[in-house]
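K.L.:
Below: one structure in structure tokens.
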Amino acid sequence: MIETSTTDLTVEADGMRMAVRTVRRAGPVRGTILIVNGVLSPFTALRWTIKSLPEFDLILFDFPPIGLSRPLNPRIGRLTEEQEAELVLALIARFEPEYLISISWGGASALTALAAQPKSIRRAIIASYALGMSEHLRGLASGLLELIDGGRRDEAATHASNMLAELLPERLRRVHKDYYLGLDEVQVQHVVDHARYCLSASTDRIEARLKAIRIPVLFANGAADRLTPPSAVDGIERHLPQAEFAVIPDAGHFLAMESKDAAARVRAMVEGFFA
């Protein structure tokens, strides 16, 4: 096993503070990857990347309203994708990674940041992303709104776990549900605001930004993902000619977290595309 060291630090940008963890390997690496999380996913949920991507240094972080960044920004709720993109660009300027991987909703801020053409980024993987809303994704958002507005927080957590984490191992499904149950009132409002935004948003802005991206981008989706299925990125190549596409067999929304086989496929995909 390659010897690994981690460093935790706080990075300030645009009047906000982010908890950041850098992962450094003892030997030569192929480069550094910045990983951009989804809506409420903290980087502590991405431990698998440390083990599964041993040939890369990593930059992991939490957006201001979530995870270890939350106590540093007690009054901050949902950020727009433009605000998130500015934070991503600040991290790119600070650490100069060659590569970027985004997961789920992190794809919106990642693509917005890539449209600014940051100099150090050579290639990017946008995983579990949808251009627009699939029927299942609409069901997730509308169901959360109905249950939270009705004061049924426990049922809302079950709904999120059933739809988002349906292919995770049982232990991780329980962790996922408990995480949603533990959200504070500001974070719950973050979920509500995000669900409403997703249900009303158009694809016009992100399509315009895709046209400004000048690097190869791989869109990776799980074959069994009902929220962001492979069909959810159909047509992106019309706006981003350098787009490539990968489908992970038997994987759902959480890809590498769901099984050893999916993790091996994701590792091979990352190593191949970033080679």
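Following the order of the structure tokens, first chain is A, next is B, and so on, with residues numbered from 1 inside each chain and ligands from 1 in the order they appear.
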Residues near Thr10 (chain A), anyone? I mean within 6 Å using only C-alpha atoms, not counting same-chain ones fewer than 3 positions away, as a PDB file with N, CA and C atoms, in the first residue's frame.
P.N.:
ATOM      1  N   MET A  18     -13.823  27.366   3.907  1.00  0.00           N
ATOM      2  CA  MET A  18     -14.026  25.969   3.528  1.00  0.00           C
ATOM      3  C   MET A  18     -13.016  25.073   4.234  1.00  0.00           C
ATOM      4  N   ALA A  19     -13.528  23.966   4.800  1.00  0.00           N
ATOM      5  CA  ALA A  19     -12.648  22.943   5.340  1.00  0.00           C
ATOM      6  C   ALA A  19     -12.112  22.115   4.176  1.00  0.00           C
ATOM      7  N   VAL A  20     -10.790  21.990   4.103  1.00  0.00           N
ATOM      8  CA  VAL A  20     -10.126  21.322   2.988  1.00  0.00           C
ATOM      9  C   VAL A  20      -9.206  20.246   3.547  1.00  0.00           C
TER      10      VAL A  20
END
K.L.:
Identify, on the basis of only C-alpha atoms, every residue whose closest approach to region 79-90 of chain A does not exceed 6 Å; exclude the query and any residue fewer than 4 positions from it along the same chain; express the result as a list in words.
P.N.:
Ser109, Thr112 and Ala113 of chain A
K.L.:
Which of region 13-252 of chain A end up as helix (DSSP H, G or I) when DSSP is run on this backbone - answer as a VMD selection string?
P.N.:
chain A and resid 43 to 52 67 to 72 81 to 95 106 to 114 135 to 149 153 to 164 170 to 181 185 to 200 204 to 210 230 to 233 236 to 238
K.L.:
Per DSSP on the backbone, what are the strand (DSSP E or B) residues of region 27-265 of chain A, as number ranges by chain?
P.N.:
A: 32-36, 57-61, 99-103, 123-127, 217-222, 243-248
K.L.:
Please produce a file of those selected residues containing C-alpha atoms, as a CSV table (one decimal), in the first residue's frame.
P.N.:
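Okay, this is what ended up in again15.csv:
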chain,number,residue,atom,x,y,z
A,32,THR,CA,-3.6,16.0,-8.4
A,33,ILE,CA,-7.4,15.6,-8.5
A,34,LEU,CA,-9.8,18.2,-7.1
A,35,ILE,CA,-13.1,16.4,-6.1
A,36,VAL,CA,-16.3,18.5,-6.1
A,57,ASP,CA,-2.8,13.3,-4.9
A,58,LEU,CA,-6.3,14.5,-3.9
A,59,ILE,CA,-7.9,17.8,-2.8
A,60,LEU,CA,-11.2,17.2,-0.9
A,61,PHE,CA,-13.4,19.9,0.6
A,99,TYR,CA,-7.7,17.1,-12.9
A,100,LEU,CA,-11.2,17.5,-11.5
A,101,ILE,CA,-13.9,15.0,-10.6
A,102,SER,CA,-17.4,16.1,-9.7
A,103,ILE,CA,-20.1,14.0,-8.2
A,123,ARG,CA,-9.2,17.0,-18.0
A,124,ALA,CA,-12.4,16.5,-15.9
A,125,ILE,CA,-14.8,13.7,-15.1
A,126,ILE,CA,-18.4,14.7,-14.3
A,127,ALA,CA,-20.0,11.7,-12.6
A,217,VAL,CA,-14.7,16.1,-20.2
A,218,LEU,CA,-15.9,12.5,-19.5
A,219,PHE,CA,-19.5,12.1,-18.3
A,220,ALA,CA,-19.8,8.9,-16.2
A,221,ASN,CA,-23.2,7.5,-15.2
A,222,GLY,CA,-24.3,4.3,-13.6
A,243,ALA,CA,-17.3,15.4,-24.4
A,244,GLU,CA,-16.9,11.6,-23.9
A,245,PHE,CA,-19.2,9.2,-22.1
A,246,ALA,CA,-18.9,6.2,-19.9
A,247,VAL,CA,-21.5,3.9,-18.4
A,248,ILE,CA,-20.6,1.9,-15.2
K.L.:
Just want the 10 Å neighbourhood of Ser120 (chain A), counted on only C-alpha atoms, with same-chain residues fewer than 5 positions away dropped. Output as a VMD selection string.
P.N.:
chain A and resid 92 to 93 95 to 99
K.L.:
Which one is closest to Asn162 (chain A): A:Val29, A:Leu140, A:Ala110, A:Ala275? Count only C-alpha atoms.
P.N.:
A:Leu140
K.L.:
So, counting only C-alpha atoms, which residue among A:Phe254, A:Tyr197, A:Phe56, A:Tyr179 is closest to Asn37 (chain A)?
P.N.:
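Smallest separation from Asn37 (chain A) among the options: A:Phe254.
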K.L.:
Nearest to Arg94 (chain A) among A:Asp149, A:Thr22, A:Arg30, A:Leu53, with distances taken over only C-alpha atoms: which residue is it?
P.N.:
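For Arg94 (chain A), the nearest of the candidates is A:Thr22.
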